[in-house]
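Visitor: I'd like to ask some things about the structure below.
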Amino acid sequence: MTLYAFYFLSFLAVMGALMVVFSRNPVTSVIFLVMTFFTIACHYMLLNAQFLAAVHVIVYAGAIMVLFLYVIMLLNLNEAVEKQKTLLLKVAAIVTGGLFMIVLSAALRTAETSYIDTSVVGSARNLGKVLLNEYLLPFEAVSLLLLAAMTGAIMLARSRKRIKPAPNVVGMTHEREQTKTVVHEQ
Amino acid sequence: MIPIENYLVLSATLFSIGLMIVVIKRNAIAVLLGLELMLNAANINLVAFNLAHPERLDGQMFAVFVIIVAACEAAVGLAIILQAYRVFHTAVPDSISTLKES
């Protein structure tokens, strides 16, 4: 039963990833990637890693992909903007990916078989115990990394140009300068 | 019981497709999408290996850290793409070639 579920989810994941490659509209590729991420979260559920599945759905499908969608819509990218690469490059990309997969699969053929034991539950309680006992230092380091990334993203995305004041504000400052000069003259 | 090879082959397939996306797409944003897919493929491997040796939860902890680093990378990468778009008016890395001679 779980084996059939595994095959079905794997099929969905690979099909979603292939649709990311072949769809020309960037928004459609992001939607298909979200589908792939949901199937990967279902794989985590099959592997009994419930906390990881929840974090995966929240962080990837909920936060990162929405960020991608925002940026795509901000830059106004669509099919007309995206020029396609030449046929030679497409063939080269397919050969690259295919050869890499063949090499990886060939390396796995001689690996020793072991079966997955799903008796251990990756619940939030068990993971939290490990995180706050053995992984305390990486946990703190990751908080620093998040802070640095947040500051860096804000610094990078901030507009360098000064915002031009609105016309009525210009008029007000102009009047103020005039009154200042008047006062000076007096 | 699912043998661990199935997960490894699935992960290898997804990683190769991610590599294909990175090579084939012109958009910088689509290239970042391919990178995210490759990180996820690596994550599947980590969780599968963790359950092949289930006495400790190290693999799942690593997967959590990978997710955090991927989130940071996406935020900073998208900010850089936005800034490049402001300066060069394009999101295609091939046409940003100011440092290239000639």
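Chain labels follow the order of the structure tokens: the first chain is A, the next B, and so on; residue numbering restarts at 1 in every chain, and ligands are counted from 1 in their shown order.
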Taking a cut-off of 6 Å and counting only C-alpha atoms, can you build a table that, for each residue of chain A near chain B, reports the nearest atom pair and how far apart they are in Å (one decimal), sorted by chain then residue number, as CSV?

Guide:
residue,atom,partner,partner_atom,distance
A:Val21,CA,B:Ile21,CA,5.7
A:Ala93,CA,B:Met20,CA,5.4
A:Gly97,CA,B:Ser16,CA,4.7
A:Met101,CA,B:Ser16,CA,5.6
A:Tyr115,CA,B:Pro3,CA,4.5
A:Ile116,CA,B:Ala52,CA,4.8
A:Asp117,CA,B:Leu51,CA,5.6
A:Ala149,CA,B:Cys72,CA,5.6
A:Ala153,CA,B:Val76,CA,4.9
A:Leu156,CA,B:Ala79,CA,5.8
A:Ala157,CA,B:Ala79,CA,5.1

Visitor: In Å, rounded to a single decimal, give me how far atom CA of Ser10 of chain A is from atom CA of Asn48 of chain A.

Guide: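 It comes out at 16.5 Å.
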
Visitor: Identify which of the residues A:Ala141, A:Ala5, A:Val103, A:Arg125 lies closest to Leu47 of chain A, counting only C-alpha atoms when measuring atom-to-atom distances.

Guide: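 Closest candidate: A:Ala5.
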
Visitor: Mind giving me the straight-line distance from atom CA of Pro26 of chain A to atom CA of Ala61 of chain A in Å, one decimal?

Guide: 15.9 Å
